[in-house]
>>> print(open('data30.cif').read())   # mmCIF, C-alpha atoms and all ligand atoms
data_protein
loop_
_atom_site.group_PDB
_atom_site.id
_atom_site.type_symbol
_atom_site.label_atom_id
_atom_site.label_comp_id
_atom_site.auth_asym_id
_atom_site.auth_seq_id
_atom_site.Cartn_x
_atom_site.Cartn_y
_atom_site.Cartn_z
ATOM 1 C CA MET A 9 119.984 147.016 -146.571
ATOM 2 C CA ASN A 10 120.039 148.281 -143.028
ATOM 3 C CA LEU A 11 116.584 149.691 -143.579
ATOM 4 C CA HIS A 12 115.177 146.160 -143.820
ATOM 5 C CA LEU A 13 116.678 145.044 -140.546
ATOM 6 C CA PRO A 14 114.046 146.365 -138.104
ATOM 7 C CA SER A 15 111.157 144.834 -140.011
ATOM 8 C CA ARG A 16 112.980 141.505 -140.409
ATOM 9 C CA ALA A 17 113.833 141.504 -136.725
ATOM 10 C CA GLY A 18 110.193 142.175 -136.030
ATOM 11 C CA LEU A 19 109.156 139.233 -138.166
ATOM 12 C CA TRP A 20 111.601 136.954 -136.398
ATOM 13 C CA CYS A 21 110.232 138.082 -133.042
ATOM 14 C CA ALA A 22 106.692 137.379 -134.152
ATOM 15 C CA ALA A 23 107.682 133.944 -135.470
ATOM 16 C CA ALA A 24 109.573 133.069 -132.293
ATOM 17 C CA LEU A 25 106.692 134.271 -130.162
ATOM 18 C CA SER A 26 104.038 132.284 -131.993
ATOM 19 C CA ALA A 27 106.281 129.189 -131.955
ATOM 20 C CA ALA A 28 106.684 129.588 -128.212
ATOM 21 C CA VAL A 29 102.958 130.044 -127.692
ATOM 22 C CA LEU A 30 102.073 127.095 -129.935
ATOM 23 C CA GLY A 31 104.800 125.003 -128.333
ATOM 24 C CA PHE A 32 103.579 125.733 -124.847
ATOM 25 C CA GLY A 33 100.019 125.067 -125.879
ATOM 26 C CA SER A 34 100.670 121.607 -127.248
ATOM 27 C CA ALA A 35 103.061 120.718 -124.408
ATOM 28 C CA ALA A 36 100.424 121.584 -121.818
ATOM 29 C CA PHE A 37 97.827 119.641 -123.752
ATOM 30 C CA SER A 38 99.884 116.492 -124.215
ATOM 31 C CA ALA A 39 101.289 116.465 -120.665
ATOM 32 C CA GLU A 40 98.057 115.102 -119.200
ATOM 33 C CA PRO A 41 95.848 113.955 -122.044
ATOM 34 C CA GLU A 42 93.345 112.176 -119.796
ATOM 35 C CA LYS A 43 92.543 115.466 -118.084
ATOM 36 C CA ALA A 44 92.014 117.418 -121.281
ATOM 37 C CA HIS A 45 88.262 117.418 -121.760
ATOM 38 C CA PRO A 46 87.930 118.704 -125.313
ATOM 39 C CA THR A 47 85.198 121.201 -126.120
ATOM 40 C CA THR A 48 85.122 120.046 -129.729
ATOM 41 C CA ASN A 49 84.621 116.669 -131.358
ATOM 42 C CA SER A 50 87.182 115.004 -133.640
ATOM 43 C CA SER A 51 86.051 117.034 -136.657
ATOM 44 C CA GLY A 52 86.406 120.303 -134.769
ATOM 45 C CA ALA A 53 82.689 121.014 -134.271
ATOM 46 C CA LEU A 54 81.626 122.428 -130.918
ATOM 47 C CA LEU A 55 79.992 119.905 -128.590
ATOM 48 C CA PRO A 56 76.216 120.249 -128.425
ATOM 49 C CA ARG A 57 75.266 122.110 -125.259
ATOM 50 C CA ASP A 58 73.113 119.249 -123.962
ATOM 51 C CA SER A 59 75.644 116.486 -124.709
ATOM 52 C CA LYS A 60 77.204 114.425 -121.955
ATOM 53 C CA ASP A 61 80.707 115.529 -122.945
ATOM 54 C CA ALA A 62 79.732 119.186 -122.663
ATOM 55 C CA ALA A 63 78.243 118.550 -119.201
ATOM 56 C CA VAL A 64 81.446 116.790 -118.111
ATOM 57 C CA PHE A 65 83.513 119.688 -119.419
ATOM 58 C CA ARG A 66 81.411 122.303 -117.604
ATOM 59 C CA GLY A 67 81.345 120.168 -114.457
ATOM 60 C CA GLY A 68 85.138 120.055 -114.458
ATOM 61 C CA LEU A 69 85.229 123.844 -114.437
ATOM 62 C CA VAL A 70 82.763 124.014 -111.529
ATOM 63 C CA TYR A 71 84.819 121.394 -109.698
ATOM 64 C CA ALA A 72 88.024 123.376 -110.224
ATOM 65 C CA ASN A 73 86.399 126.461 -108.737
ATOM 66 C CA TYR A 74 84.527 125.063 -105.754
ATOM 67 C CA CYS A 75 85.788 121.613 -104.789
ATOM 68 C CA VAL A 76 89.529 121.465 -105.467
ATOM 69 C CA THR A 77 90.586 123.033 -102.162
ATOM 70 C CA CYS A 78 89.313 120.044 -100.213
ATOM 71 C CA HIS A 79 88.968 117.170 -102.687
ATOM 72 C CA GLY A 80 92.137 117.990 -104.615
ATOM 73 C CA ILE A 81 93.156 118.510 -108.221
ATOM 74 C CA ASN A 82 93.054 114.737 -108.767
ATOM 75 C CA ALA A 83 89.780 114.369 -106.833
ATOM 76 C CA ASP A 84 91.518 111.878 -104.556
ATOM 77 C CA GLY A 85 90.628 113.722 -101.353
ATOM 78 C CA ASN A 86 94.030 115.347 -100.980
ATOM 79 C CA GLY A 87 93.299 119.009 -101.567
ATOM 80 C CA ARG A 88 95.348 121.717 -99.881
ATOM 81 C CA ALA A 89 92.823 122.031 -97.049
ATOM 82 C CA ALA A 90 92.259 118.284 -96.624
ATOM 83 C CA ARG A 91 94.472 117.943 -93.553
ATOM 84 C CA LEU A 92 92.174 120.322 -91.651
ATOM 85 C CA TYR A 93 89.350 117.797 -91.699
ATOM 86 C CA ASN A 94 88.639 114.527 -89.986
ATOM 87 C CA PRO A 95 87.189 112.542 -91.670
ATOM 88 C CA LYS A 96 89.105 113.679 -94.714
ATOM 89 C CA PRO A 97 87.330 114.903 -97.854
ATOM 90 C CA ALA A 98 86.216 111.850 -99.806
ATOM 91 C CA ASN A 99 88.311 110.318 -102.562
ATOM 92 C CA LEU A 100 85.865 111.038 -105.374
ATOM 93 C CA ARG A 101 87.585 108.729 -107.838
ATOM 94 C CA MET A 102 87.007 105.744 -105.580
ATOM 95 C CA SER A 103 83.498 106.725 -104.454
ATOM 96 C CA ASP A 104 80.911 103.911 -104.482
ATOM 97 C CA LYS A 105 77.930 106.298 -104.360
ATOM 98 C CA ASN A 106 75.404 106.680 -107.190
ATOM 99 C CA ASP A 107 74.421 109.856 -109.051
ATOM 100 C CA ALA A 108 71.366 110.473 -106.864
ATOM 101 C CA TYR A 109 73.555 110.409 -103.762
ATOM 102 C CA TYR A 110 76.051 112.781 -105.400
ATOM 103 C CA GLY A 111 73.259 115.232 -106.176
ATOM 104 C CA LEU A 112 71.931 114.986 -102.637
ATOM 105 C CA ILE A 113 75.181 115.475 -100.750
ATOM 106 C CA ILE A 114 76.260 118.303 -103.075
ATOM 107 C CA ARG A 115 72.914 120.117 -102.585
ATOM 108 C CA LYS A 116 72.341 119.424 -98.897
ATOM 109 C CA GLY A 117 75.869 118.986 -97.531
ATOM 110 C CA GLY A 118 77.398 116.262 -95.389
ATOM 111 C CA ALA A 119 75.561 117.002 -92.134
ATOM 112 C CA ALA A 120 72.127 116.456 -93.745
ATOM 113 C CA LEU A 121 73.217 112.920 -94.631
ATOM 114 C CA ALA A 122 74.783 112.166 -91.249
ATOM 115 C CA ARG A 123 78.222 112.702 -92.753
ATOM 116 C CA SER A 124 80.862 115.320 -91.934
ATOM 117 C CA GLU A 125 79.543 118.863 -91.526
ATOM 118 C CA PHE A 126 82.648 120.025 -93.377
ATOM 119 C CA MET A 127 81.224 118.863 -96.692
ATOM 120 C CA PRO A 128 79.336 122.106 -97.420
ATOM 121 C CA ALA A 129 75.795 122.409 -98.816
ATOM 122 C CA TRP A 130 76.017 123.972 -102.268
ATOM 123 C CA GLU A 131 72.366 124.434 -103.222
ATOM 124 C CA ALA A 132 72.362 128.153 -102.421
ATOM 125 C CA GLU A 133 75.644 128.715 -104.249
ATOM 126 C CA LEU A 134 75.355 126.653 -107.419
ATOM 127 C CA THR A 135 72.619 126.407 -110.029
ATOM 128 C CA HIS A 136 70.739 123.195 -110.797
ATOM 129 C CA GLU A 137 72.730 122.898 -114.028
ATOM 130 C CA GLN A 138 76.058 123.379 -112.266
ATOM 131 C CA ILE A 139 75.161 120.579 -109.864
ATOM 132 C CA THR A 140 74.028 118.157 -112.590
ATOM 133 C CA ASP A 141 77.217 119.037 -114.504
ATOM 134 C CA LEU A 142 79.251 118.254 -111.368
ATOM 135 C CA VAL A 143 77.532 114.874 -111.080
ATOM 136 C CA ALA A 144 78.382 114.148 -114.744
ATOM 137 C CA TYR A 145 81.983 115.156 -114.093
ATOM 138 C CA LEU A 146 82.284 113.015 -110.938
ATOM 139 C CA ARG A 147 80.830 110.029 -112.809
ATOM 140 C CA SER A 148 83.325 110.534 -115.657
ATOM 141 C CA ILE A 149 86.334 110.392 -113.309
ATOM 142 C CA ASN A 150 85.009 107.561 -111.138
ATOM 143 C CA ALA A 151 87.150 104.445 -111.241
ATOM 144 C CA ALA A 152 84.108 102.176 -111.494
ATOM 145 C CA LYS A 153 82.099 104.592 -113.738
ATOM 146 C CA SER A 154 78.999 102.740 -112.491
HETATM 147 C C1 LIG A 201 85.560 122.394 -96.985
HETATM 148 C C2 LIG A 201 85.950 121.164 -97.611
HETATM 149 C C3 LIG A 201 85.082 120.613 -98.722
HETATM 150 C C4 LIG A 201 84.714 121.223 -99.904
HETATM 151 C C5 LIG A 201 85.053 122.634 -100.375
HETATM 152 C C6 LIG A 201 83.955 120.251 -100.640
HETATM 153 N N1 LIG A 201 83.860 119.087 -99.956
HETATM 154 FE FE1 LIG A 201 82.960 117.365 -100.564
HETATM 155 N N2 LIG A 201 83.420 116.452 -98.816
HETATM 156 C C7 LIG A 201 84.159 117.034 -97.794
HETATM 157 C C8 LIG A 201 84.317 116.068 -96.707
HETATM 158 C C9 LIG A 201 85.062 116.312 -95.404
HETATM 159 C C10 LIG A 201 83.661 114.900 -97.129
HETATM 160 C C11 LIG A 201 83.591 113.566 -96.384
HETATM 161 C C12 LIG A 201 82.375 113.509 -95.519
HETATM 162 C C13 LIG A 201 82.357 112.262 -94.663
HETATM 163 O O1 LIG A 201 83.074 111.295 -94.947
HETATM 164 O O2 LIG A 201 81.627 112.269 -93.668
HETATM 165 C C14 LIG A 201 83.101 115.179 -98.452
HETATM 166 C C15 LIG A 201 82.350 114.266 -99.184
HETATM 167 C C16 LIG A 201 81.894 114.486 -100.472
HETATM 168 C C17 LIG A 201 81.164 113.522 -101.276
HETATM 169 C C18 LIG A 201 80.726 112.124 -100.848
HETATM 170 C C19 LIG A 201 81.521 111.083 -101.609
HETATM 171 C C20 LIG A 201 81.313 109.680 -101.125
HETATM 172 O O3 LIG A 201 81.786 108.766 -101.800
HETATM 173 O O4 LIG A 201 80.666 109.475 -100.100
HETATM 174 C C21 LIG A 201 80.919 114.116 -102.479
HETATM 175 C C22 LIG A 201 80.190 113.519 -103.685
HETATM 176 C C23 LIG A 201 81.503 115.446 -102.436
HETATM 177 N N3 LIG A 201 82.076 115.637 -101.212
HETATM 178 C C24 LIG A 201 81.471 116.320 -103.489
HETATM 179 C C25 LIG A 201 81.928 117.637 -103.399
HETATM 180 C C26 LIG A 201 81.809 118.586 -104.481
HETATM 181 C C27 LIG A 201 81.226 118.285 -105.848
HETATM 182 C C28 LIG A 201 82.331 119.754 -104.029
HETATM 183 C C29 LIG A 201 82.388 121.079 -104.755
HETATM 184 C C30 LIG A 201 81.115 121.648 -105.159
HETATM 185 C C31 LIG A 201 82.803 119.520 -102.677
HETATM 186 N N4 LIG A 201 82.540 118.231 -102.326
HETATM 187 C C32 LIG A 201 83.414 120.475 -101.901
HETATM 188 C C33 LIG A 201 84.681 118.297 -97.775
HETATM 189 C C34 LIG A 201 84.544 119.258 -98.771
#
>>> encode(input="data30.cif", output="structure tokens", more="lines below")
Ligand code: HEC
Amino acid sequence: MNLHLPSRAGLWCAAALSAAVLGFGSAAFSAEPEKAHPTTNSSGALLPRDSKDAAVFRGGLVYANYCVTCHGINADGNGRAARLYNPKPANLRMSDKNDAYYGLIIRKGGAALARSEFMPAWEAELTHEQITDLVAYLRSINAAKS
């Protein structure tokens, strides 16, 4: 009997561990459903690479890497570094600018458009696709979605 104990204990550990992992996974997912940009459609198929949803998903990743510090996790202009700048980083959810303007200010930076020099120019840093993905992402989170 005692011989079975280690393997049973091992099984219990594995079960507890996978329950914890699965539990955490679904909790994180359901906590903020509007922020979860799925990479699959409702039947589980991967999104086509050139679909709008895939561009929004990729753009969100670029945003999280390059823009969050100033514009904030909620894109409301309240990133950790926002208080260093005057004018503040724009609230990108409430922006009234069109996609062409987004592309321009992201590529050329604020100064080129007579805006704050603290909005950096990203054209040397990001690829064309990363920038068009960012524009798709910004449009998807815009309050007006115009
Ligand atoms: C160092 C801080 C900083 C970083 C990093 C930054 N921005 Fe900005 N951004 C600003 C500031 C400041 C403004 C406001 C300029 C003004 O009002 O003159 C701005 C303005 C903008 C605007 C104009 C919005 C509007 O409605 O006029 C867009 C779009 C934008 N940023 C996108 C981005 C994106 C996308 C990234 C990441 C690739 C990014 N920014 C990274 C500081 C930053």
>>> atom_distance(input="data30.cif", atom1="atom CA of A:Leu112", atom2="atom O1 of ligand LIG 201 (chain A)")
14.0 Å
>>> resolve_selection(input="data30.cif", expression="the PyMOL selection byres (((chain A and resi 85-102) around 12) and not hetatm)", output="ChimeraX atom specification")
/A:71-72,74-84,103-106,110,113,118,123-128,142-143,145-154
>>> axis_aligned_box(input="data30.cif", around="stretch 63-75 of chain A", padding_each_side="5 Å", output="AutoDock Vina command-line options")
--center_x 83.1 --center_y 121.6 --center_z -112.1 --size_x 19.8 --size_y 19.7 --size_z 24.6
>>> closest_residue(input="data30.cif", among="A:Ala119, A:Pro46, A:Ala62, A:Ala53", to="ligand LIG 201 (chain A)", atoms="all atoms listed in the file")
A:Ala119
>>> resolve_selection(input="data30.cif", expression="the PyMOL selection byres (((chain A and resi 139) around 10) and not hetatm)", output="list in words")
Gly67, Val70, Tyr71, Tyr110, Gly111, Leu112, Ile114, Arg115, Trp130, Glu131, Glu133, Leu134, Thr135, His136, Glu137, Gln138, Thr140, Asp141, Leu142, Val143, Ala144 and Tyr145 of chain A
>>> atom_distance(input="data30.cif", atom1="atom C31 of ligand LIG 201 (chain A)", atom2="atom CA of A:Asn73")
9.9 Å
>>> closest_residue(input="data30.cif", among="A:Pro56, A:Gly68, A:Thr48, A:Tyr109", to="A:Leu121", atoms="only C-alpha atoms")
A:Tyr109
>>> atom_distance(input="data30.cif", atom1="atom CA of A:Asp58", atom2="atom C16 of ligand LIG 201 (chain A)")
25.5 Å
